[in-house]
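Pasting start20.txt here (compact mmCIF, C-alpha atoms):
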# COMPACT_ATOMS: atom_id res chain seq x y z
CA MET A 25 -35.53 -58.41 -2.19
CA ALA A 26 -32.72 -56.04 -1.34
CA LYS A 27 -30.91 -55.30 1.87
CA TYR A 28 -30.93 -51.68 3.00
CA PHE A 29 -28.64 -50.33 5.69
CA LEU A 30 -29.76 -46.86 6.68
CA ILE A 31 -27.70 -44.54 8.86
CA GLU A 32 -29.37 -41.73 10.79
CA SER A 33 -27.22 -39.17 12.58
CA ARG A 34 -30.00 -36.78 13.51
CA SER A 35 -33.15 -37.11 15.59
CA PRO A 36 -36.69 -35.74 15.28
CA PHE A 37 -35.55 -33.15 17.84
CA ASP A 38 -33.26 -31.76 15.12
CA SER A 39 -35.47 -32.00 12.05
CA THR A 40 -38.90 -33.24 11.07
CA GLU A 41 -37.17 -34.86 8.09
CA VAL A 42 -35.96 -37.54 10.47
CA THR A 43 -39.52 -38.65 11.14
CA HIS A 44 -39.93 -39.11 7.40
CA ASN A 45 -36.66 -41.05 7.32
CA TYR A 46 -38.03 -43.45 9.96
CA GLN A 47 -41.12 -43.83 7.80
CA LEU A 48 -38.90 -44.63 4.81
CA ALA A 49 -37.22 -47.39 6.80
CA SER A 50 -40.62 -48.78 7.72
CA ASP A 51 -41.91 -48.56 4.15
CA LEU A 52 -38.85 -50.36 2.79
CA ALA A 53 -39.34 -53.14 5.34
CA ASN A 54 -43.04 -53.38 4.58
CA ALA A 55 -42.13 -53.70 0.91
CA GLY A 56 -40.32 -56.91 1.80
CA HIS A 57 -36.76 -55.65 2.05
CA GLU A 58 -34.38 -56.44 4.88
CA VAL A 59 -33.81 -53.12 6.59
CA THR A 60 -31.40 -52.01 9.28
CA LEU A 61 -31.57 -48.55 10.81
CA PHE A 62 -28.30 -47.59 12.48
CA LEU A 63 -28.44 -44.61 14.84
CA VAL A 64 -25.25 -42.64 15.35
CA GLU A 65 -24.09 -39.25 16.68
CA ASN A 66 -27.09 -37.13 17.83
CA GLY A 67 -29.35 -39.70 16.21
CA VAL A 68 -29.02 -41.68 19.42
CA PHE A 69 -31.07 -39.19 21.44
CA VAL A 70 -34.24 -41.11 20.56
CA THR A 71 -32.98 -44.28 22.19
CA ARG A 72 -33.70 -43.49 25.85
CA SER A 73 -36.87 -45.25 26.86
CA GLN A 74 -38.01 -42.00 28.48
CA ALA A 75 -37.51 -39.96 25.29
CA SER A 76 -40.63 -38.37 23.82
CA VAL A 77 -40.50 -39.80 20.34
CA HIS A 78 -43.74 -41.19 19.00
CA SER A 79 -42.60 -41.52 15.39
CA PHE A 80 -40.36 -44.37 16.47
CA ASN A 81 -43.19 -46.75 17.14
CA ASN A 82 -43.87 -48.20 13.68
CA LEU A 83 -40.46 -49.78 13.09
CA GLU A 84 -41.29 -53.33 14.19
CA LYS A 85 -39.93 -54.84 10.97
CA VAL A 86 -36.71 -52.83 11.04
CA ALA A 87 -33.56 -53.97 12.82
CA LEU A 88 -32.65 -51.09 15.12
CA LEU A 89 -29.02 -50.60 16.08
CA VAL A 90 -27.28 -47.81 17.93
CA ASP A 91 -23.62 -46.90 17.87
CA ASP A 92 -22.07 -47.87 21.19
CA PHE A 93 -19.50 -45.06 21.02
CA SER A 94 -22.19 -42.41 20.46
CA LEU A 95 -24.10 -43.72 23.49
CA ARG A 96 -21.00 -43.67 25.65
CA GLU A 97 -20.01 -40.23 24.35
CA ARG A 98 -23.37 -38.88 25.56
CA GLY A 99 -23.43 -40.74 28.88
CA ILE A 100 -26.39 -42.86 27.85
CA GLU A 101 -26.25 -46.15 29.72
CA LEU A 102 -27.52 -49.35 28.17
CA SER A 103 -30.10 -49.65 30.94
CA GLU A 104 -31.67 -46.43 29.67
CA VAL A 105 -32.02 -47.65 26.08
CA ARG A 106 -35.29 -48.99 24.68
CA SER A 107 -35.19 -52.75 24.60
CA GLU A 108 -35.87 -53.02 20.85
CA ILE A 109 -32.70 -51.06 20.06
CA LYS A 110 -29.46 -53.01 20.19
CA PRO A 111 -26.06 -51.42 20.81
CA ALA A 112 -23.62 -52.18 18.03
CA ASN A 113 -20.20 -51.35 16.69
CA LEU A 114 -19.92 -48.90 13.82
CA GLY A 115 -18.01 -51.59 11.96
CA LEU A 116 -21.33 -53.12 11.02
CA VAL A 117 -21.71 -50.31 8.51
CA VAL A 118 -18.49 -51.39 6.84
CA ASP A 119 -19.63 -55.02 6.87
CA ALA A 120 -22.89 -54.01 5.19
CA MET A 121 -20.97 -52.09 2.55
CA ALA A 122 -18.64 -55.04 1.94
CA GLU A 123 -21.68 -57.27 1.57
CA GLY A 124 -22.99 -54.95 -1.15
CA GLN A 125 -26.03 -53.76 0.77
CA LYS A 126 -27.60 -50.48 -0.24
CA VAL A 127 -26.07 -48.28 2.43
CA MET A 128 -27.48 -44.77 2.74
CA TRP A 129 -26.67 -42.02 5.22
CA LEU A 130 -30.07 -40.35 5.58
CA MET B 27 -14.82 -61.55 4.59
CA SER B 28 -12.76 -61.22 1.40
CA LYS B 29 -11.16 -57.95 0.38
CA LYS B 30 -13.60 -55.50 -1.20
CA THR B 31 -13.30 -51.98 -2.54
CA LEU B 32 -15.35 -49.41 -0.64
CA THR B 33 -15.82 -45.81 -1.71
CA PHE B 34 -16.73 -42.89 0.53
CA LEU B 35 -17.70 -39.34 -0.38
CA LEU B 36 -17.12 -36.79 2.37
CA MET B 37 -18.62 -33.34 2.18
CA ASP B 38 -18.21 -31.78 5.61
CA ALA B 39 -15.46 -29.33 6.48
CA PRO B 40 -13.10 -30.11 9.37
CA PHE B 41 -14.00 -28.98 12.88
CA GLU B 42 -17.69 -28.53 12.07
CA GLN B 43 -19.65 -31.78 12.22
CA ALA B 44 -19.45 -35.14 13.96
CA ARG B 45 -19.88 -36.79 10.56
CA VAL B 46 -16.18 -36.22 9.86
CA THR B 47 -15.16 -38.22 12.90
CA THR B 48 -17.65 -40.96 12.09
CA ALA B 49 -16.35 -41.11 8.53
CA PHE B 50 -12.80 -41.58 9.77
CA ARG B 51 -14.00 -44.31 12.14
CA LEU B 52 -15.57 -46.09 9.16
CA ILE B 53 -12.43 -45.75 7.04
CA GLU B 54 -10.26 -47.03 9.90
CA ASP B 55 -12.51 -50.03 10.35
CA ALA B 56 -12.58 -50.78 6.62
CA LEU B 57 -8.78 -50.83 6.48
CA GLU B 58 -8.55 -52.85 9.67
CA LYS B 59 -10.69 -55.46 7.91
CA GLY B 60 -8.39 -55.41 4.91
CA HIS B 61 -10.60 -53.63 2.40
CA ASP B 62 -9.37 -51.22 -0.25
CA VAL B 63 -10.74 -47.74 0.32
CA ASN B 64 -11.37 -44.74 -1.92
CA VAL B 65 -12.24 -41.34 -0.50
CA PHE B 66 -13.57 -38.49 -2.63
CA THR B 67 -14.00 -35.15 -0.91
CA TYR B 68 -16.42 -32.53 -2.10
CA GLU B 69 -17.14 -28.98 -0.98
CA GLY B 70 -15.91 -28.38 2.59
CA GLY B 71 -14.48 -31.87 2.74
CA VAL B 72 -11.52 -30.80 0.60
CA SER B 73 -10.10 -28.91 3.56
CA LEU B 74 -9.58 -32.13 5.49
CA SER B 75 -6.22 -32.65 3.81
CA PHE B 76 -5.03 -29.01 3.88
CA THR B 77 -1.40 -28.88 5.00
CA GLU B 78 -1.71 -25.56 6.85
CA GLN B 79 -3.86 -26.97 9.65
CA LYS B 80 -2.08 -26.15 12.89
CA PRO B 81 -2.49 -27.43 16.43
CA HIS B 82 -2.96 -24.87 19.17
CA PRO B 83 -2.50 -24.71 22.92
CA ASN B 84 -5.55 -24.60 25.16
CA ALA B 85 -5.29 -21.94 27.80
CA VAL B 86 -8.69 -22.77 29.26
CA HIS B 87 -7.47 -26.29 29.95
CA GLY B 88 -4.06 -25.01 31.01
CA ARG B 89 -2.31 -27.10 28.39
CA SER B 90 0.56 -26.16 26.07
CA VAL B 91 0.42 -26.98 22.40
CA VAL B 92 2.42 -30.14 23.08
CA GLU B 93 0.23 -31.16 25.99
CA GLU B 94 -2.99 -30.41 24.14
CA GLU B 95 -2.18 -32.82 21.26
CA HIS B 96 -4.89 -31.18 19.21
CA PRO B 97 -6.29 -33.52 16.56
CA LEU B 98 -5.84 -32.46 12.94
CA PRO B 99 -7.74 -34.23 10.16
CA LYS B 100 -4.72 -33.94 7.84
CA ASP B 101 -2.79 -36.02 10.39
CA TRP B 102 -5.62 -38.53 10.63
CA ILE B 103 -5.35 -38.97 6.86
CA ALA B 104 -1.58 -39.46 7.11
CA PHE B 105 -1.98 -42.06 9.87
CA ILE B 106 -4.62 -43.84 7.82
CA GLN B 107 -2.34 -43.82 4.78
CA GLU B 108 0.30 -45.46 6.96
CA LYS B 109 -2.16 -48.03 8.23
CA ALA B 110 -3.27 -48.87 4.69
CA LYS B 111 0.35 -49.61 3.78
CA GLU B 112 0.78 -51.81 6.81
CA LYS B 113 -2.39 -53.71 5.98
CA GLY B 114 -1.54 -54.03 2.29
CA CYS B 115 -4.66 -52.12 1.28
CA ASN B 116 -5.06 -49.64 -1.53
CA PHE B 117 -6.04 -46.27 -0.14
CA ASN B 118 -6.85 -43.45 -2.54
CA TRP B 119 -7.88 -39.90 -1.71
CA ILE B 120 -9.09 -37.41 -4.31
CA ASN B 121 -10.17 -33.85 -3.59
CA CYS B 122 -12.57 -32.04 -5.92
CA GLY B 123 -10.28 -29.61 -7.74
CA LEU B 124 -12.78 -26.79 -8.18
CA CYS B 125 -13.66 -27.00 -4.49
CA LEU B 126 -9.96 -26.71 -3.62
CA ASP B 127 -9.60 -23.64 -5.81
CA GLU B 128 -12.57 -21.75 -4.42
CA ARG B 129 -11.40 -22.36 -0.84
CA GLY B 130 -7.70 -21.76 -1.51
CA VAL B 131 -6.72 -25.04 0.11
CA ASN B 132 -4.84 -26.61 -2.79
CA ASP B 133 -1.84 -27.40 -0.64
CA ALA B 134 -2.87 -30.91 0.39
CA ILE B 135 -0.72 -33.47 2.17
CA ALA B 136 1.10 -36.04 0.08
CA GLY B 137 -1.07 -38.79 -1.33
CA CYS B 138 -4.17 -36.64 -1.64
CA GLU B 139 -4.74 -35.95 -5.30
CA ARG B 140 -6.75 -33.42 -7.26
CA GLY B 141 -9.63 -34.68 -9.39
CA GLY B 142 -13.30 -34.32 -10.17
CA PRO B 143 -16.69 -36.02 -10.08
CA ALA B 144 -15.73 -38.22 -13.03
CA ASP B 145 -13.11 -39.89 -10.83
CA PHE B 146 -15.76 -40.55 -8.23
CA LEU B 147 -18.03 -42.07 -10.86
CA VAL B 148 -15.30 -44.50 -11.95
CA TRP B 149 -14.71 -45.50 -8.34
CA ALA B 150 -18.42 -45.98 -7.69
CA LYS B 151 -18.75 -48.19 -10.76
CA ASN B 152 -15.89 -50.39 -9.58
CA SER B 153 -16.69 -50.57 -5.86
CA THR B 154 -18.72 -53.07 -3.93
CA SER B 155 -20.44 -50.19 -2.22
CA THR B 156 -20.37 -46.40 -2.18
CA LEU B 157 -21.46 -44.31 0.78
CA VAL B 158 -22.18 -40.62 0.30
CA ILE B 159 -21.88 -38.68 3.55
CA GLY B 160 -23.46 -35.40 2.62
CA THR B 161 -23.61 -32.29 4.74
CA LYS B 162 -26.96 -31.61 6.40
CA MET C 9 -24.57 -47.52 -13.58
CA LYS C 10 -27.97 -46.13 -12.68
CA ALA C 11 -27.80 -43.96 -9.57
CA LEU C 12 -30.44 -41.93 -7.78
CA GLN C 13 -29.32 -38.74 -6.08
CA ILE C 14 -31.52 -37.75 -3.13
CA ILE C 15 -31.18 -34.09 -2.28
CA GLN C 16 -32.74 -32.65 0.86
CA SER C 17 -30.42 -29.84 1.93
CA ALA C 18 -31.67 -26.74 0.15
CA TYR C 19 -30.42 -23.19 -0.40
CA ARG C 20 -27.40 -24.05 1.75
CA CYS C 21 -24.64 -22.38 -0.26
CA THR C 22 -26.43 -21.46 -3.45
CA VAL C 23 -25.47 -17.80 -3.30
CA GLU C 24 -21.79 -18.62 -2.92
CA GLU C 25 -21.76 -21.45 -5.45
CA GLN C 26 -24.30 -19.87 -7.83
CA ASP C 27 -25.96 -23.26 -8.13
CA ASP C 28 -26.73 -26.22 -5.92
CA PRO C 29 -23.50 -28.23 -5.67
CA VAL C 30 -25.25 -31.60 -5.66
CA VAL C 31 -27.38 -30.76 -8.69
CA TRP C 32 -24.13 -29.62 -10.33
CA PHE C 33 -22.40 -32.85 -9.30
CA ALA C 34 -25.25 -34.90 -10.77
CA GLN C 35 -24.92 -33.04 -14.07
CA VAL C 36 -21.19 -33.78 -14.23
CA LEU C 37 -21.80 -37.46 -13.51
CA GLN C 38 -24.41 -37.58 -16.27
CA ASN C 39 -22.03 -35.86 -18.71
CA ASN C 40 -19.41 -38.52 -17.90
CA GLY C 41 -21.57 -41.50 -18.72
CA GLY C 42 -23.57 -41.93 -15.54
CA GLU C 43 -27.28 -42.67 -15.66
CA ILE C 44 -28.39 -40.19 -13.07
CA ASP C 45 -31.77 -39.18 -11.72
CA ILE C 46 -32.56 -36.77 -8.89
CA LEU C 47 -35.10 -37.09 -6.09
CA LEU C 48 -35.81 -33.83 -4.26
CA LYS C 49 -37.12 -34.19 -0.72
CA GLY C 50 -37.71 -31.93 2.24
CA ASN C 51 -37.06 -28.25 1.57
CA ALA C 52 -35.31 -29.12 -1.71
CA VAL C 53 -38.68 -29.78 -3.35
CA ASN C 54 -38.90 -26.01 -3.72
CA TYR C 55 -36.12 -26.14 -6.31
CA VAL C 56 -38.75 -27.04 -8.95
CA ILE C 57 -40.61 -23.74 -8.60
CA ALA C 58 -40.36 -21.53 -11.67
CA GLY C 59 -39.26 -17.95 -11.20
CA GLN C 60 -36.81 -18.27 -8.31
CA ASP C 61 -34.77 -15.10 -8.15
CA SER C 62 -31.75 -14.52 -5.94
CA SER C 63 -30.38 -11.63 -7.94
CA GLY C 64 -29.44 -8.22 -6.61
CA LEU C 65 -27.11 -9.03 -3.75
CA LYS C 66 -24.44 -6.38 -3.15
CA PHE C 67 -21.68 -6.36 -0.58
CA GLY C 68 -19.85 -3.04 -0.83
CA LYS C 69 -18.87 -2.63 -4.45
CA TRP C 70 -19.37 -6.31 -5.16
CA GLN C 71 -22.56 -7.25 -6.98
CA GLN C 72 -23.67 -10.74 -7.87
CA ASN C 73 -24.14 -10.93 -11.62
CA GLN C 74 -24.52 -14.69 -12.03
CA PRO C 75 -26.97 -15.67 -9.30
CA ALA C 76 -28.17 -19.23 -8.94
CA LYS C 77 -31.04 -20.15 -11.23
CA LEU C 78 -32.09 -23.44 -9.76
CA ASP C 79 -35.21 -23.82 -11.87
CA LEU C 80 -33.21 -23.30 -15.06
CA ASP C 81 -30.52 -25.71 -13.87
CA LEU C 82 -33.17 -28.37 -13.33
CA THR C 83 -34.63 -27.62 -16.76
CA ASP C 84 -31.15 -28.23 -18.18
CA CYS C 85 -30.99 -31.49 -16.26
CA LEU C 86 -34.24 -32.60 -17.82
CA LYS C 87 -32.96 -31.69 -21.29
CA ASN C 88 -29.83 -33.78 -20.62
CA GLY C 89 -31.86 -36.82 -19.74
CA LEU C 90 -31.84 -36.73 -15.96
CA GLY C 91 -35.18 -37.64 -14.43
CA ILE C 92 -36.30 -35.39 -11.59
CA TYR C 93 -38.71 -36.45 -8.90
CA ILE C 94 -40.22 -34.60 -5.97
CA ILE C 95 -41.96 -36.14 -2.99
CA SER C 96 -45.59 -35.13 -3.25
CA GLU C 97 -46.22 -34.91 0.51
CA ASP C 98 -43.22 -32.60 0.96
CA ALA C 99 -44.56 -30.33 -1.77
CA GLN C 100 -48.03 -30.34 -0.25
CA ASP C 101 -46.72 -29.68 3.26
CA ARG C 102 -45.01 -26.56 1.96
CA GLY C 103 -48.02 -25.39 -0.02
CA ILE C 104 -46.17 -25.52 -3.30
CA PRO C 105 -48.57 -24.47 -6.08
CA THR C 106 -48.60 -27.12 -8.79
CA ASP C 107 -49.02 -24.52 -11.52
CA LYS C 108 -45.62 -23.06 -10.62
CA ILE C 109 -43.76 -26.35 -10.98
CA ILE C 110 -41.54 -26.47 -14.06
CA ALA C 111 -42.57 -28.90 -16.79
CA GLY C 112 -41.25 -32.43 -16.76
CA ILE C 113 -41.03 -32.99 -13.01
CA LYS C 114 -42.37 -36.31 -11.75
CA THR C 115 -44.04 -36.63 -8.38
CA VAL C 116 -43.72 -39.66 -6.16
CA SER C 117 -45.34 -40.30 -2.80
CA ARG C 118 -43.33 -41.47 0.18
CA LYS C 119 -45.00 -44.86 -0.04
CA GLU C 120 -43.71 -45.25 -3.59
CA LEU C 121 -40.06 -44.72 -2.64
CA PRO C 122 -39.23 -48.41 -2.05
CA ALA C 123 -40.33 -49.26 -5.59
CA LEU C 124 -38.46 -46.25 -6.99
CA PHE C 125 -35.23 -47.24 -5.21
CA GLU C 126 -35.37 -50.69 -6.78
CA GLU C 127 -34.91 -49.11 -10.20
CA TYR C 128 -31.37 -48.05 -9.26
CA GLU C 129 -28.14 -49.89 -8.60
CA GLN C 130 -27.06 -47.13 -6.23
CA VAL C 131 -29.00 -44.67 -4.13
CA TRP C 132 -26.98 -41.79 -2.71
CA HIS C 133 -28.56 -39.62 -0.06
CA TRP C 134 -26.85 -36.23 0.07
With the file now loaded, output its structure as structure tokens.
Amino acid sequence: MAKYFLIESRSPFDSTEVTHNYQLASDLANAGHEVTLFLVENGVFVTRSQASVHSFNNLEKVALLVDDFSLRERGIELSEVRSEIKPANLGLVVDAMAEGQKVMWL
Amino acid sequence: MSKKTLTFLLMDAPFEQARVTTAFRLIEDALEKGHDVNVFTYEGGVSLSFTEQKPHPNAVHGRSVVEEEHPLPKDWIAFIQEKAKEKGCNFNWINCGLCLDERGVNDAIAGCERGGPADFLVWAKNSTSTLVIGTK
Amino acid sequence: MKALQIIQSAYRCTVEEQDDPVVWFAQVLQNNGGEIDILLKGNAVNYVIAGQDSSGLKFGKWQQNQPAKLDLDLTDCLKNGLGIYIISEDAQDRGIPTDKIIAGIKTVSRKELPALFEEYEQVWHW
């Protein structure tokens, strides 16, 4: 099974395509792959626990990370972020690339 | 982690999208970790290395051109080139030649070469990983 | 190296470029020894419709004489050995009539994407 590292810089508030991208992450995980979804830039607007994003609820098998700089840039405090999403450094993308994961910017 | 070769394709023009900044953050991190890095720019991305980028003052903020210290992507590239040397990493930058021509931005800073998709293909074949950062 | 090119951004600069720059890029890679296929998603699924016509634009005395012909470009891709897929749900959502889709296009559902990706060493999402 492969390792997929998916980067999402938009949110469903920007484009309905993003909902399909979440579904892709879920489908890859359900197919037995190890999947990370890394949220960055305006992609982080789904992370507030009060955000109205229902398409985010079927990602139980996906590791969910959010760029700490993008959160800080938008004044989103960690206490506001959904518990299943972990703040992370962007360098994890580089580490995934160096590991030879399939890294895709959705 | 041992030294790897990572290739990036950048497609966004400067001063338009946050993806440019994020791409530079990734490149900086890759060099910091000692990896060799290739960057191929396509479409608007070829303007990132254009020498004629100029900083400007910011009257709204009440700052002179010196005080404003306006970021320029061409300078970011130069600083990253310098960092790559310090870290002993190979750092290559190729701009799509046809994209340069149609935008009139051929005058790139030193170290940024002219090439084409075939160069990118060679890099991709010889890299541990390739990340395309397309425009949306 | 087998690489899948996923294209979602559609009709972005096709008048200026007189083609889609990522479809063009894929063709160049193929001509230089790459093993390239294309997956069209989102609005880009409409690229497979026959009879697209962007001709006739005039700005002052300038007239576009070589407008983009995306359907013909994709037909050329098929002739050159590139496989072209569209996501069936995206086509259905946009009401794309199947009888207007150019010959040789393969459809794949979203659920089938994980298996499709496994056929490629690299997957590049443009």
Self-check item: Pairwise distance for CA of Lys77 in chain C and CA of Glu120 in chain C, rounded to one decimal in Å
Solution: 29.1 Å
Exercise. Using only C-alpha atoms, find which residues of chain B lie within 8 Å of chain C and jot them down as a PyMOL selection string.
Key: chain B and resi 69+143-144+147+151+156-162
Exercise. In the coordinate frame of the file, compute which residues have an atom within 9 Å of (-35.4, -33.5, -10.8) when using all atoms listed in the file, and state them as a ChimeraX atom specification.
Key: /C:31,45-48,53,55-56,82-83,85-86,90-94,112-114
Write a file of the just-selected residues containing C-alpha atoms, as a compact mmCIF listing (two decimals), in the coordinates of the input.
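The resulting part-v4.txt:
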# COMPACT_ATOMS: atom_id res chain seq x y z
CA VAL C 31 -27.38 -30.76 -8.69
CA ASP C 45 -31.77 -39.18 -11.72
CA ILE C 46 -32.56 -36.77 -8.89
CA LEU C 47 -35.10 -37.09 -6.09
CA LEU C 48 -35.81 -33.83 -4.26
CA VAL C 53 -38.68 -29.78 -3.35
CA TYR C 55 -36.12 -26.14 -6.31
CA VAL C 56 -38.75 -27.04 -8.95
CA LEU C 82 -33.17 -28.37 -13.33
CA THR C 83 -34.63 -27.62 -16.76
CA CYS C 85 -30.99 -31.49 -16.26
CA LEU C 86 -34.24 -32.60 -17.82
CA LEU C 90 -31.84 -36.73 -15.96
CA GLY C 91 -35.18 -37.64 -14.43
CA ILE C 92 -36.30 -35.39 -11.59
CA TYR C 93 -38.71 -36.45 -8.90
CA ILE C 94 -40.22 -34.60 -5.97
CA GLY C 112 -41.25 -32.43 -16.76
CA ILE C 113 -41.03 -32.99 -13.01
CA LYS C 114 -42.37 -36.31 -11.75
Using all atoms listed in the file, tabulate the residues of chain B lying at most 10 Å from any atom of chain A, each with its closest atom pair and that distance in Å to one decimal, by chain and increasing residue number, as a Markdown table.
| residue | atom | partner | partner_atom | distance |
| --- | --- | --- | --- | --- |
| B:Met27 | CA | A:Ala122 | CA | 8.0 |
| B:Ser28 | CA | A:Ala122 | CA | 8.5 |
| B:Lys29 | CA | A:Ala122 | CA | 8.2 |
| B:Lys30 | CA | A:Ala122 | CA | 6.0 |
| B:Thr31 | CA | A:Ala122 | CA | 7.6 |
| B:Leu32 | CA | A:Met121 | CA | 7.0 |
| B:Thr33 | CA | A:Met121 | CA | 9.2 |
| B:Gln43 | CA | A:Glu65 | CA | 9.8 |
| B:Ala44 | CA | A:Glu65 | CA | 6.8 |
| B:Arg45 | CA | A:Glu65 | CA | 7.8 |
| B:Thr47 | CA | A:Glu65 | CA | 9.8 |
| B:Thr48 | CA | A:Glu65 | CA | 8.1 |
| B:Arg51 | CA | A:Leu114 | CA | 7.7 |
| B:Leu52 | CA | A:Val118 | CA | 6.5 |
| B:Ile53 | CA | A:Val118 | CA | 8.3 |
| B:Glu54 | CA | A:Gly115 | CA | 9.2 |
| B:Asp55 | CA | A:Gly115 | CA | 5.9 |
| B:Ala56 | CA | A:Val118 | CA | 5.9 |
| B:Leu57 | CA | A:Val118 | CA | 9.7 |
| B:Glu58 | CA | A:Gly115 | CA | 9.8 |
| B:Lys59 | CA | A:Val118 | CA | 8.9 |
| B:His61 | CA | A:Ala122 | CA | 8.2 |
| B:Ser153 | CA | A:Gly124 | CA | 9.0 |
| B:Thr154 | CA | A:Gly124 | CA | 5.4 |
| B:Ser155 | CA | A:Met121 | CA | 5.2 |
| B:Thr156 | CA | A:Met121 | CA | 7.4 |
| B:Leu157 | CA | A:Val127 | CA | 6.3 |
| B:Val158 | CA | A:Trp129 | CA | 6.8 |
| B:Ile159 | CA | A:Trp129 | CA | 6.1 |
| B:Gly160 | CA | A:Trp129 | CA | 7.8 |
| B:Lys162 | CA | A:Arg34 | CA | 9.3 |
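When all atoms listed in the file are used to compute distances to chain C, the closest of the residues A:Leu63, A:Ala55, A:Val42, A:Leu30 turns out to be A:Ala55.
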Quiz prompt | Non-local contacts of Thr43 in chain A (8 Å; only C-alpha atoms; under 4 positions in same chain excluded) as an MDAnalysis selection string | solution = chainID A and resid 35:36 39 47 79:80
Go ahead and dump the residues you just picked, C-alpha atoms, as a JSON list (two decimals), in the coordinates of the input.
[["chain", "number", "residue", "atom", "x", "y", "z"],
["A", 35, "SER", "CA", -33.15, -37.11, 15.59],
["A", 36, "PRO", "CA", -36.69, -35.74, 15.28],
["A", 39, "SER", "CA", -35.47, -32.00, 12.05],
["A", 47, "GLN", "CA", -41.12, -43.83, 7.80],
["A", 79, "SER", "CA", -42.60, -41.52, 15.39],
["A", 80, "PHE", "CA", -40.36, -44.37, 16.47]]
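Around range 77-91 of chain B, within 7 Å and counting only C-alpha atoms, the residues found are B:Glu95, B:His96, B:Leu98, B:Lys100, B:Asp133, B:Ala134, B:Ile135, once anything fewer than 4 positions away on its own chain is removed.
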Self-check item: Who sits within 7 Å of range 111-120 of chain B, all atoms listed in the file, same chain under 6 positions skipped, as a PyMOL selection string
Solution: chain B and resi 57+60-67+137-141
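Between CA of Leu83 in chain A and CA of Asn45 in chain A the separation is 11.1 Å.
Among the candidate residues C:Asn51, C:Gln72, C:Asn88, C:Thr22, the one lying nearest to chain A is C:Asn51, with distances computed using all atoms listed in the file.
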Self-check item: Nearest residue to chain A from the set C:Ile95, C:Ala76, C:Ile104, C:Val23 (distances using all atoms listed in the file)
Solution: C:Ile95
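Nearest residue to Ile44 in chain C among C:Gly103, C:Gly89, C:Pro122, C:Gly64 is C:Gly89, counting all atoms listed in the file.
Of the listed residues (C:Gly50, C:Pro75, C:Gln60, C:Ser96), C:Gly50 comes nearest to chain A; the distances count all atoms listed in the file.
Comparing B:Pro40, B:Val131, B:Leu124, B:Tyr68 by their smallest distance to Asp101 in chain B, the closest is B:Pro40 (using all atoms listed in the file).
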